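Participant: Provided herewith: query_5.pdb, PDB, C-alpha atoms.
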ATOM      1  CA  MET A   1     -32.432  -9.226 -26.776
ATOM      2  CA  SER A   2     -32.373 -13.026 -26.858
ATOM      3  CA  THR A   3     -31.468 -15.140 -23.861
ATOM      4  CA  GLU A   4     -28.395 -16.440 -25.708
ATOM      5  CA  SER A   5     -27.181 -12.884 -26.445
ATOM      6  CA  ALA A   6     -27.688 -11.770 -22.847
ATOM      7  CA  GLU A   7     -25.845 -14.811 -21.559
ATOM      8  CA  SER A   8     -23.017 -14.176 -24.022
ATOM      9  CA  ILE A   9     -22.680 -10.562 -22.830
ATOM     10  CA  ARG A  10     -22.631 -11.678 -19.188
ATOM     11  CA  THR A  11     -19.998 -14.285 -19.976
ATOM     12  CA  ARG A  12     -17.768 -11.772 -21.738
ATOM     13  CA  ALA A  13     -18.239  -9.238 -18.931
ATOM     14  CA  ARG A  14     -17.387 -11.867 -16.315
ATOM     15  CA  SER A  15     -14.316 -12.867 -18.307
ATOM     16  CA  LYS A  16     -13.123  -9.244 -18.538
ATOM     17  CA  LEU A  17     -13.727  -8.746 -14.812
ATOM     18  CA  ASP A  18     -11.790 -11.902 -13.943
ATOM     19  CA  TRP A  19      -8.945 -10.712 -16.183
ATOM     20  CA  LEU A  20      -8.900  -7.319 -14.461
ATOM     21  CA  VAL A  21      -8.957  -8.865 -10.970
ATOM     22  CA  SER A  22      -6.137 -11.250 -11.853
ATOM     23  CA  HIS A  23      -4.021  -8.315 -13.047
ATOM     24  CA  VAL A  24      -4.666  -6.228  -9.925
ATOM     25  CA  GLN A  25      -4.689  -8.710  -7.038
ATOM     26  CA  PHE A  26      -0.905  -9.162  -7.278
ATOM     27  CA  VAL A  27      -0.661  -5.958  -5.226
ATOM     28  CA  THR A  28      -2.131  -7.717  -2.189
ATOM     29  CA  THR A  29       0.207 -10.725  -2.456
ATOM     30  CA  ASP A  30       3.506  -8.872  -2.933
ATOM     31  CA  THR A  31       4.700  -6.840   0.047
ATOM     32  CA  PRO A  32       6.965  -4.402  -1.866
ATOM     33  CA  ALA A  33       4.174  -3.820  -4.398
ATOM     34  CA  LEU A  34       1.683  -3.189  -1.587
ATOM     35  CA  VAL A  35       4.022  -0.653   0.006
ATOM     36  CA  GLY A  36       4.574   1.002  -3.360
ATOM     37  CA  PHE A  37       0.851   1.078  -4.090
ATOM     38  CA  THR A  38       0.165   2.675  -0.712
ATOM     39  CA  VAL A  39       2.753   5.380  -1.398
ATOM     40  CA  LEU A  40       1.229   6.012  -4.834
ATOM     41  CA  VAL A  41      -2.255   6.380  -3.340
ATOM     42  CA  GLY A  42      -0.866   8.971  -0.920
ATOM     43  CA  PHE A  43       0.883  10.729  -3.809
ATOM     44  CA  VAL A  44      -2.333  10.905  -5.811
ATOM     45  CA  PHE A  45      -4.136  12.319  -2.772
ATOM     46  CA  LEU A  46      -1.489  15.030  -2.413
ATOM     47  CA  GLY A  47      -1.641  15.743  -6.122
ATOM     48  CA  LEU A  48      -5.394  16.248  -5.969
ATOM     49  CA  PHE A  49      -5.758  18.051  -2.641
ATOM     50  CA  GLY A  50      -2.260  19.292  -1.731
ATOM     51  CA  PRO A  51      -2.788  22.915  -2.818
ATOM     52  CA  VAL A  52      -6.101  22.998  -0.941
ATOM     53  CA  ILE A  53      -4.780  21.737   2.399
ATOM     54  CA  ALA A  54      -1.513  23.723   2.258
ATOM     55  CA  PRO A  55      -1.524  26.103   5.276
ATOM     56  CA  TYR A  56       0.165  28.945   3.332
ATOM     57  CA  ASP A  57       0.296  30.134  -0.252
ATOM     58  CA  PRO A  58       3.544  28.478  -1.402
ATOM     59  CA  ILE A  59       4.636  31.437  -3.543
ATOM     60  CA  ARG A  60       3.075  34.624  -2.166
ATOM     61  CA  THR A  61       2.960  34.129   1.612
ATOM     62  CA  SER A  62       5.998  34.453   3.891
ATOM     63  CA  VAL A  63       6.032  32.842   7.336
ATOM     64  CA  GLN A  64       6.411  35.357  10.177
ATOM     65  CA  ASN A  65       6.975  35.044  13.882
ATOM     66  CA  ALA A  66       4.866  36.709  16.577
ATOM     67  CA  GLN A  67       6.801  39.968  16.151
ATOM     68  CA  GLY A  68       6.121  40.063  12.409
ATOM     69  CA  THR A  69       9.669  39.170  11.367
ATOM     70  CA  ILE A  70       9.946  36.932   8.301
ATOM     71  CA  LEU A  71      11.483  33.587   9.203
ATOM     72  CA  ARG A  72      14.210  32.913   6.637
ATOM     73  CA  LEU A  73      15.998  29.557   6.564
ATOM     74  CA  HIS A  74      14.326  28.682   9.824
ATOM     75  CA  PRO A  75      14.406  25.034  11.006
ATOM     76  CA  PRO A  76      11.111  23.160  11.509
ATOM     77  CA  THR A  77       8.777  24.637  14.112
ATOM     78  CA  LEU A  78       5.089  24.340  14.946
ATOM     79  CA  ARG A  79       4.440  27.392  12.779
ATOM     80  CA  ALA A  80       6.347  25.812   9.868
ATOM     81  CA  PRO A  81       6.656  22.030  10.414
ATOM     82  CA  PHE A  82       9.076  21.566   7.484
ATOM     83  CA  GLY A  83      10.948  24.810   8.142
ATOM     84  CA  THR A  84      11.194  27.788   5.803
ATOM     85  CA  THR A  85      13.139  28.666   2.669
ATOM     86  CA  ALA A  86      15.725  31.405   2.208
ATOM     87  CA  TYR A  87      12.839  33.579   1.035
ATOM     88  CA  GLY A  88      10.701  32.898   4.102
ATOM     89  CA  LYS A  89       8.281  30.539   2.335
ATOM     90  CA  ASP A  90       6.788  27.518   4.067
ATOM     91  CA  VAL A  91       8.502  24.337   2.868
ATOM     92  CA  PHE A  92       5.542  22.187   3.961
ATOM     93  CA  SER A  93       3.126  24.225   1.831
ATOM     94  CA  GLN A  94       5.496  24.066  -1.137
ATOM     95  CA  PHE A  95       5.813  20.310  -0.718
ATOM     96  CA  LEU A  96       2.026  19.852  -0.682
ATOM     97  CA  ALA A  97       1.432  22.174  -3.639
ATOM     98  CA  GLY A  98       4.389  20.754  -5.548
ATOM     99  CA  ALA A  99       2.805  17.308  -5.703
ATOM    100  CA  GLN A 100       0.142  18.511  -8.161
ATOM    101  CA  PRO A 101       2.334  19.447 -11.163
ATOM    102  CA  THR A 102       4.453  16.385 -10.442
ATOM    103  CA  LEU A 103       1.318  14.220 -10.595
ATOM    104  CA  ILE A 104       0.045  15.892 -13.769
ATOM    105  CA  VAL A 105       3.304  15.506 -15.652
ATOM    106  CA  GLY A 106       3.843  11.969 -14.350
ATOM    107  CA  LEU A 107       0.337  10.706 -15.074
ATOM    108  CA  VAL A 108      -0.265  12.436 -18.399
ATOM    109  CA  GLY A 109       3.316  11.906 -19.550
ATOM    110  CA  GLY A 110       3.242   8.236 -18.554
ATOM    111  CA  VAL A 111      -0.085   7.546 -20.261
ATOM    112  CA  ALA A 112       1.021   9.427 -23.383
ATOM    113  CA  THR A 113       4.333   7.562 -23.423
ATOM    114  CA  GLY A 114       2.630   4.191 -23.087
ATOM    115  CA  GLY A 115      -0.157   5.093 -25.526
ATOM    116  CA  ILE A 116       2.113   6.349 -28.302
ATOM    117  CA  GLY A 117       4.498   3.449 -27.851
ATOM    118  CA  PHE A 118       1.586   0.989 -27.885
ATOM    119  CA  LEU A 119       0.109   2.352 -31.124
ATOM    120  CA  VAL A 120       3.464   2.608 -32.907
ATOM    121  CA  GLY A 121       4.509  -0.893 -31.828
ATOM    122  CA  LEU A 122       1.096  -2.369 -32.684
ATOM    123  CA  VAL A 123       0.906  -0.878 -36.176
ATOM    124  CA  SER A 124       4.559  -1.554 -36.935
ATOM    125  CA  GLY A 125       4.482  -5.180 -35.828
ATOM    126  CA  TYR A 126       1.119  -5.964 -37.401
ATOM    127  CA  PHE A 127       1.637  -4.535 -40.897
ATOM    128  CA  GLY A 128       5.368  -5.138 -41.269
ATOM    129  CA  GLY A 129       6.932  -4.267 -44.616
ATOM    130  CA  TRP A 130       7.455  -0.603 -45.443
ATOM    131  CA  VAL A 131       5.191   0.491 -42.560
ATOM    132  CA  ASP A 132       7.413  -1.320 -40.097
ATOM    133  CA  GLU A 133      10.518   0.083 -41.788
ATOM    134  CA  VAL A 134       9.321   3.698 -41.586
ATOM    135  CA  LEU A 135       8.121   3.482 -37.982
ATOM    136  CA  MET A 136      11.203   1.666 -36.736
ATOM    137  CA  ARG A 137      13.539   4.140 -38.465
ATOM    138  CA  LEU A 138      11.603   6.907 -36.732
ATOM    139  CA  THR A 139      12.058   5.029 -33.468
ATOM    140  CA  ASP A 140      15.785   4.661 -34.139
ATOM    141  CA  LEU A 141      15.971   8.411 -34.775
ATOM    142  CA  THR A 142      14.342   9.054 -31.406
ATOM    143  CA  PHE A 143      16.856   6.728 -29.746
ATOM    144  CA  SER A 144      19.702   8.663 -31.346
ATOM    145  CA  LEU A 145      18.512  12.002 -29.940
ATOM    146  CA  PRO A 146      19.500  12.416 -26.259
ATOM    147  CA  PHE A 147      16.495  13.511 -24.255
ATOM    148  CA  MET A 148      17.985  16.096 -21.914
ATOM    149  CA  PRO A 149      20.012  18.170 -24.432
ATOM    150  CA  MET A 150      17.105  18.164 -26.909
ATOM    151  CA  ALA A 151      14.577  19.103 -24.222
ATOM    152  CA  LEU A 152      16.788  21.944 -23.000
ATOM    153  CA  LEU A 153      17.214  23.162 -26.577
ATOM    154  CA  LEU A 154      13.460  23.191 -27.195
ATOM    155  CA  LEU A 155      12.658  24.874 -23.888
ATOM    156  CA  THR A 156      15.200  27.576 -24.653
ATOM    157  CA  PHE A 157      12.924  28.842 -27.430
ATOM    158  CA  ILE A 158       9.556  27.957 -25.827
ATOM    159  CA  GLN A 159       8.162  29.354 -22.591
ATOM    160  CA  PRO A 160       8.050  26.297 -20.295
ATOM    161  CA  ASN A 161       4.773  25.215 -18.758
ATOM    162  CA  ILE A 162       3.427  21.937 -17.454
ATOM    163  CA  TRP A 163       1.786  20.893 -20.710
ATOM    164  CA  ILE A 164       4.689  21.824 -22.982
ATOM    165  CA  ILE A 165       7.044  19.871 -20.722
ATOM    166  CA  THR A 166       4.673  16.895 -20.759
ATOM    167  CA  VAL A 167       4.497  16.916 -24.567
ATOM    168  CA  ILE A 168       8.289  17.040 -24.858
ATOM    169  CA  ILE A 169       8.674  14.156 -22.396
ATOM    170  CA  ALA A 170       6.130  11.995 -24.249
ATOM    171  CA  ALA A 171       7.712  12.860 -27.618
ATOM    172  CA  PHE A 172      11.034  11.353 -26.526
ATOM    173  CA  LEU A 173      10.118   8.534 -24.144
ATOM    174  CA  TRP A 174       7.683   6.490 -26.270
ATOM    175  CA  LYS A 175      10.547   4.726 -28.068
ATOM    176  CA  MET A 176      11.171   1.959 -25.518
ATOM    177  CA  PRO A 177       7.521   0.781 -25.270
ATOM    178  CA  ALA A 178       7.280   0.870 -29.067
ATOM    179  CA  ARG A 179      10.232  -1.478 -29.492
ATOM    180  CA  VAL A 180       9.066  -3.968 -26.881
ATOM    181  CA  ILE A 181       5.436  -4.000 -28.012
ATOM    182  CA  ARG A 182       6.456  -4.432 -31.668
ATOM    183  CA  SER A 183       8.371  -7.587 -30.785
ATOM    184  CA  GLU A 184       5.347  -8.926 -28.894
ATOM    185  CA  VAL A 185       3.018  -8.118 -31.792
ATOM    186  CA  LEU A 186       5.304  -9.942 -34.235
ATOM    187  CA  SER A 187       4.953 -13.045 -32.061
ATOM    188  CA  VAL A 188       1.200 -12.739 -31.513
ATOM    189  CA  SER A 189       0.505 -12.095 -35.212
ATOM    190  CA  GLU A 190       1.799 -15.556 -36.085
ATOM    191  CA  ARG A 191      -0.617 -17.370 -33.788
ATOM    192  CA  THR A 192      -3.424 -19.485 -35.149
ATOM    193  CA  PHE A 193      -6.351 -17.373 -33.896
ATOM    194  CA  VAL A 194      -4.985 -14.274 -35.649
ATOM    195  CA  LYS A 195      -4.496 -16.140 -38.919
ATOM    196  CA  SER A 196      -8.015 -17.559 -38.580
ATOM    197  CA  ALA A 197      -9.433 -14.060 -38.093
ATOM    198  CA  ARG A 198      -7.692 -12.898 -41.276
ATOM    199  CA  ALA A 199      -8.882 -15.936 -43.186
ATOM    200  CA  SER A 200     -12.484 -15.326 -42.077
ATOM    201  CA  GLY A 201     -12.388 -11.857 -43.645
ATOM    202  CA  ALA A 202     -11.802  -9.671 -40.583
ATOM    203  CA  GLY A 203     -10.423  -6.247 -41.513
ATOM    204  CA  HIS A 204      -7.086  -4.921 -40.369
ATOM    205  CA  LEU A 205      -8.517  -2.657 -37.678
ATOM    206  CA  ARG A 206     -10.656  -5.426 -36.210
ATOM    207  CA  THR A 207      -7.810  -7.922 -36.289
ATOM    208  CA  MET A 208      -5.384  -5.470 -34.688
ATOM    209  CA  PHE A 209      -7.586  -4.134 -31.928
ATOM    210  CA  VAL A 210      -9.797  -7.162 -31.202
ATOM    211  CA  HIS A 211      -7.441 -10.089 -31.674
ATOM    212  CA  VAL A 212      -3.875  -8.762 -31.363
ATOM    213  CA  ALA A 213      -4.057  -5.755 -29.042
ATOM    214  CA  PRO A 214      -5.607  -7.541 -26.003
ATOM    215  CA  ASN A 215      -2.647  -9.930 -25.978
ATOM    216  CA  VAL A 216      -0.080  -7.134 -25.718
ATOM    217  CA  LEU A 217      -2.035  -4.827 -23.387
ATOM    218  CA  PRO A 218      -0.320  -6.171 -20.231
ATOM    219  CA  ILE A 219       3.048  -5.113 -21.658
ATOM    220  CA  ALA A 220       1.556  -1.723 -22.568
ATOM    221  CA  PHE A 221       0.239  -1.282 -19.005
ATOM    222  CA  LEU A 222       3.636  -2.171 -17.596
ATOM    223  CA  TYR A 223       5.496   0.368 -19.722
ATOM    224  CA  THR A 224       2.846   2.979 -19.039
ATOM    225  CA  ALA A 225       3.599   2.554 -15.338
ATOM    226  CA  TYR A 226       7.314   2.864 -16.012
ATOM    227  CA  GLY A 227       6.540   5.904 -18.161
ATOM    228  CA  VAL A 228       5.036   7.594 -15.109
ATOM    229  CA  ALA A 229       8.305   7.201 -13.204
ATOM    230  CA  TRP A 230      10.381   8.310 -16.211
ATOM    231  CA  SER A 231       8.181  11.390 -16.676
ATOM    232  CA  ILE A 232       8.428  12.414 -13.017
ATOM    233  CA  ALA A 233      12.212  12.040 -13.039
ATOM    234  CA  ALA A 234      12.506  13.949 -16.325
ATOM    235  CA  GLN A 235      10.271  16.790 -15.108
ATOM    236  CA  ALA A 236      12.234  17.083 -11.867
ATOM    237  CA  SER A 237      15.523  17.146 -13.792
ATOM    238  CA  LEU A 238      14.311  19.892 -16.124
ATOM    239  CA  ALA A 239      12.984  21.937 -13.213
ATOM    240  CA  PHE A 240      16.259  21.548 -11.307
ATOM    241  CA  LEU A 241      18.144  22.874 -14.334
ATOM    242  CA  GLY A 242      15.883  25.915 -14.392
ATOM    243  CA  PHE A 243      13.601  24.862 -17.249
ATOM    244  CA  GLY A 244      10.474  24.075 -15.241
ATOM    245  CA  ASP A 245       7.194  25.964 -15.219
ATOM    246  CA  PRO A 246       8.055  29.271 -13.476
ATOM    247  CA  THR A 247       4.422  29.863 -12.478
ATOM    248  CA  THR A 248       4.021  26.737 -10.350
ATOM    249  CA  THR A 249       5.748  25.074  -7.429
ATOM    250  CA  SER A 250       7.032  21.583  -8.091
ATOM    251  CA  TRP A 251       9.392  19.286  -6.221
ATOM    252  CA  GLY A 252      12.057  19.738  -8.875
ATOM    253  CA  ARG A 253      11.723  23.528  -8.680
ATOM    254  CA  MET A 254      12.097  23.369  -4.895
ATOM    255  CA  LEU A 255      15.449  21.635  -5.351
ATOM    256  CA  ARG A 256      16.403  24.251  -7.930
ATOM    257  CA  GLN A 257      15.626  27.072  -5.504
ATOM    258  CA  VAL A 258      17.551  25.574  -2.593
ATOM    259  CA  PHE A 259      20.531  25.003  -4.886
ATOM    260  CA  ALA A 260      20.369  28.535  -6.330
ATOM    261  CA  SER A 261      20.161  30.040  -2.842
ATOM    262  CA  GLY A 262      23.432  28.367  -1.850
ATOM    263  CA  SER A 263      21.762  26.673   1.113
ATOM    264  CA  ILE A 264      21.694  23.114  -0.192
ATOM    265  CA  ARG A 265      24.352  21.961   2.317
ATOM    266  CA  VAL A 266      22.753  23.803   5.221
ATOM    267  CA  ALA A 267      18.971  23.762   4.907
ATOM    268  CA  TRP A 268      18.405  20.007   5.102
ATOM    269  CA  TRP A 269      14.716  20.604   5.877
ATOM    270  CA  TRP A 270      14.370  22.304   2.487
ATOM    271  CA  VAL A 271      16.164  19.542   0.568
ATOM    272  CA  ILE A 272      14.841  16.332   2.092
ATOM    273  CA  PRO A 273      11.030  16.675   1.461
ATOM    274  CA  PRO A 274      11.144  17.167  -2.352
ATOM    275  CA  ALA A 275      14.072  14.782  -2.817
ATOM    276  CA  LEU A 276      12.404  12.107  -0.708
ATOM    277  CA  GLY A 277       9.072  12.684  -2.469
ATOM    278  CA  ILE A 278      10.579  12.181  -5.934
ATOM    279  CA  ALA A 279      12.555   9.134  -4.817
ATOM    280  CA  ALA A 280       9.577   7.551  -3.020
ATOM    281  CA  VAL A 281       7.174   7.959  -5.941
ATOM    282  CA  THR A 282       9.542   6.745  -8.656
ATOM    283  CA  THR A 283      10.676   3.804  -6.513
ATOM    284  CA  SER A 284       7.059   2.893  -5.728
ATOM    285  CA  VAL A 285       6.166   2.860  -9.422
ATOM    286  CA  PHE A 286       9.035   0.490 -10.130
ATOM    287  CA  LEU A 287       8.090  -1.759  -7.188
ATOM    288  CA  VAL A 288       4.541  -2.087  -8.497
ATOM    289  CA  GLY A 289       5.792  -2.458 -12.064
ATOM    290  CA  ARG A 290       8.258  -5.150 -11.084
ATOM    291  CA  ALA A 291       5.564  -7.168  -9.317
ATOM    292  CA  TYR A 292       3.241  -6.791 -12.310
ATOM    293  CA  GLU A 293       6.053  -7.869 -14.625
ATOM    294  CA  GLU A 294       6.280 -11.112 -12.647
ATOM    295  CA  VAL A 295       2.546 -11.615 -13.232
ATOM    296  CA  ILE A 296       2.759 -11.269 -17.016
ATOM    297  CA  ASN A 297       6.150 -13.017 -17.226
ATOM    298  CA  PRO A 298       6.331 -15.735 -14.529
ATOM    299  CA  GLU A 299       9.781 -16.839 -15.738
ATOM    300  CA  ILE A 300      11.244 -13.799 -13.919
ATOM    301  CA  ASP A 301      10.620 -15.566 -10.602
ATOM    302  CA  ASP A 302      13.021 -18.301 -11.634
ATOM    303  CA  GLN A 303      15.870 -15.938 -12.496
TER
END
Represent the structure contained in this file as structure tokens.

Facilitator:
Amino acid sequence: MSTESAESIRTRARSKLDWLVSHVQFVTTDTPALVGFTVLVGFVFLGLFGPVIAPYDPIRTSVQNAQGTILRLHPPTLRAPFGTTAYGKDVFSQFLAGAQPTLIVGLVGGVATGGIGFLVGLVSGYFGGWVDEVLMRLTDLTFSLPFMPMALLLLTFIQPNIWIITVIIAAFLWKMPARVIRSEVLSVSERTFVKSARASGAGHLRTMFVHVAPNVLPIAFLYTAYGVAWSIAAQASLAFLGFGDPTTTSWGRMLRQVFASGSIRVAWWWVIPPALGIAAVTTSVFLVGRAYEEVINPEIDDQ
């Protein structure tokens, strides 16, 4: 490898690293974003290790006192720091274990939502013409179909599980990123460097992914982050309505169980942990997303 080639690679690598640092360091300069990021790190830790560190099996094990009596709807104690459910299960263990399916659906659903929206918006905005017409009519069709009724209809005929729910969420939530990214691509495609790439003989794939895509990636990252929050809220809503994965414990399913037991107005220790967990994670995603939006669109600060 020549000295010029090695230097060119180092320069490009340094440029990419500087770009990455500039798009991450906003977390340290924005207090709400830092708080949100800290909460998200804790959420990821619970999602990865929650089932392992849970003191009881959240589904099979019932909490008992020294006399062997099952503690049902018992307030927080040392034996059960978050209290127990109407079925004698440990709320703390359910909260820890419930973070994992919430993380899976949120992360995978958010990435899928952002990824599909990015590809649809990129292709639609770049090619225009009949390609744009077909993809945007498909997007309009998705906008016209309400998510919750359609998801409930599909899950009526399909046995719900984490992955099916994630696919359904991604299939309906990619529409917003697609619209926004398409508008950005239409603007970027008219810039001089893109026209020069076309004039020099660059193919469509190279022009799209080398010259156009990097300029709309920040928007894609932003809507991927929002997609995580949307996916978590959607999964919790489906689980609360009784259409969650019946084989796993999730925060939405915990709320469903406390509601079904008729104890939602009494057992505050059973309601607050999952409700607070969902609210904290979704709010944290939006705090980080809002700060990042100010990075890629500085005009927001002036509004």

Participant: For range 97-107 of chain A, work out the shell of residues within 8 Å, counting only C-alpha atoms and skipping chain neighbours fewer than 3 positions away, then give it as number ranges by chain.

Facilitator: A: 43-44, 46-48, 50-51, 54, 58, 93-94, 110-111, 162-163, 165-166, 227-232, 235-236, 248-251

Participant: Apply the PyMOL selection byres ((chain A and resi 186) around 10) to the structure shown and report the selected residues as an NGL selection string.

Facilitator: :A and (121-122 or 124-128 or 181-185 or 187-191 or 212)

Participant: How many Å lie between CA of Arg60 in chain A and CA of Val266 in chain A, rounded to one decimal?

Facilitator: 23.6 Å

Participant: Report the residues retrieved by the PyMOL selection byres ((chain A and resi 178) around 6) from the displayed file, expressed as a PDB file with C-alpha atoms, keeping the file's coordinate frame.

Facilitator:
ATOM      1  CA  GLY A 117       4.498   3.449 -27.851  1.00  0.00           C
ATOM      2  CA  PHE A 118       1.586   0.989 -27.885  1.00  0.00           C
ATOM      3  CA  VAL A 120       3.464   2.608 -32.907  1.00  0.00           C
ATOM      4  CA  GLY A 121       4.509  -0.893 -31.828  1.00  0.00           C
ATOM      5  CA  LYS A 175      10.547   4.726 -28.068  1.00  0.00           C
ATOM      6  CA  MET A 176      11.171   1.959 -25.518  1.00  0.00           C
ATOM      7  CA  PRO A 177       7.521   0.781 -25.270  1.00  0.00           C
ATOM      8  CA  ARG A 179      10.232  -1.478 -29.492  1.00  0.00           C
ATOM      9  CA  VAL A 180       9.066  -3.968 -26.881  1.00  0.00           C
ATOM     10  CA  ILE A 181       5.436  -4.000 -28.012  1.00  0.00           C
ATOM     11  CA  ARG A 182       6.456  -4.432 -31.668  1.00  0.00           C
TER      12      ARG A 182
END

Participant: Between CA of Thr207 in chain A and CA of Val194 in chain A, what is the distance in Å, rounded to a tenth?

Facilitator: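 Atom-to-atom, CA of Thr207 in chain A to CA of Val194 in chain A, that is 7.0 Å.
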
Participant: Using only C-alpha atoms, list the residues that have an atom at most 8 Å from (5.8, 9.8, -4.1), coordinates as in the file, as a ChimeraX atom specification.

Facilitator: /A:39-40,42-43,276-282,284

Participant: Report the distance between CA of Ser263 in chain A and CA of Ala275 in chain A in Å, rounded to one decimal place.

Facilitator: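 Taking CA of Ser263 in chain A and CA of Ala275 in chain A, their separation equals 14.7 Å.
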
Participant: Evaluate the PyMOL selection byres ((chain A and resi 245) around 7) on the structure here and hand back the selected residues as a tab-separated table (two decimals) with C-alpha atoms, in the frame of the given file.

Facilitator:
chain	number	residue	atom	x	y	z
A	160	PRO	CA	8.05	26.30	-20.30
A	161	ASN	CA	4.77	25.22	-18.76
A	162	ILE	CA	3.43	21.94	-17.45
A	243	PHE	CA	13.60	24.86	-17.25
A	244	GLY	CA	10.47	24.08	-15.24
A	246	PRO	CA	8.06	29.27	-13.48
A	247	THR	CA	4.42	29.86	-12.48
A	248	THR	CA	4.02	26.74	-10.35

Participant: Return as lines of an AutoDock Vina configuration file the box centre and box size in Å, one decimal, for an axis-aligned box around all listed atoms of range 90-101 of chain A padded by 6 Å per side.

Facilitator:
center_x = 4.3
center_y = 22.4
center_z = -3.5
size_x = 20.4
size_y = 22.2
size_z = 27.2

Participant: Which one is closest to Met150 in chain A: A:Phe172, A:Trp130, A:Tyr56, A:Phe45? Count only C-alpha atoms.

Facilitator: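 Among A:Phe172, A:Trp130, A:Tyr56, A:Phe45, it is A:Phe172 that comes nearest to Met150 in chain A.
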
Participant: Name the closest residue to Pro218 in chain A among the candidates A:His74, A:Gly252, A:Ala197, A:Glu293; distances are taken between atoms, counting only C-alpha atoms.

Facilitator: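 Checking each of A:His74, A:Gly252, A:Ala197, A:Glu293 against Pro218 in chain A, counting only C-alpha atoms, the winner is A:Glu293.
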
Participant: Find the residue from A:Arg72, A:Ser261, A:Ala239, A:Leu154 that sits nearest to Lys89 in chain A; use all atoms listed in the file when measuring.

Facilitator: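 The shortest atom-to-atom distance to Lys89 in chain A comes from A:Arg72.
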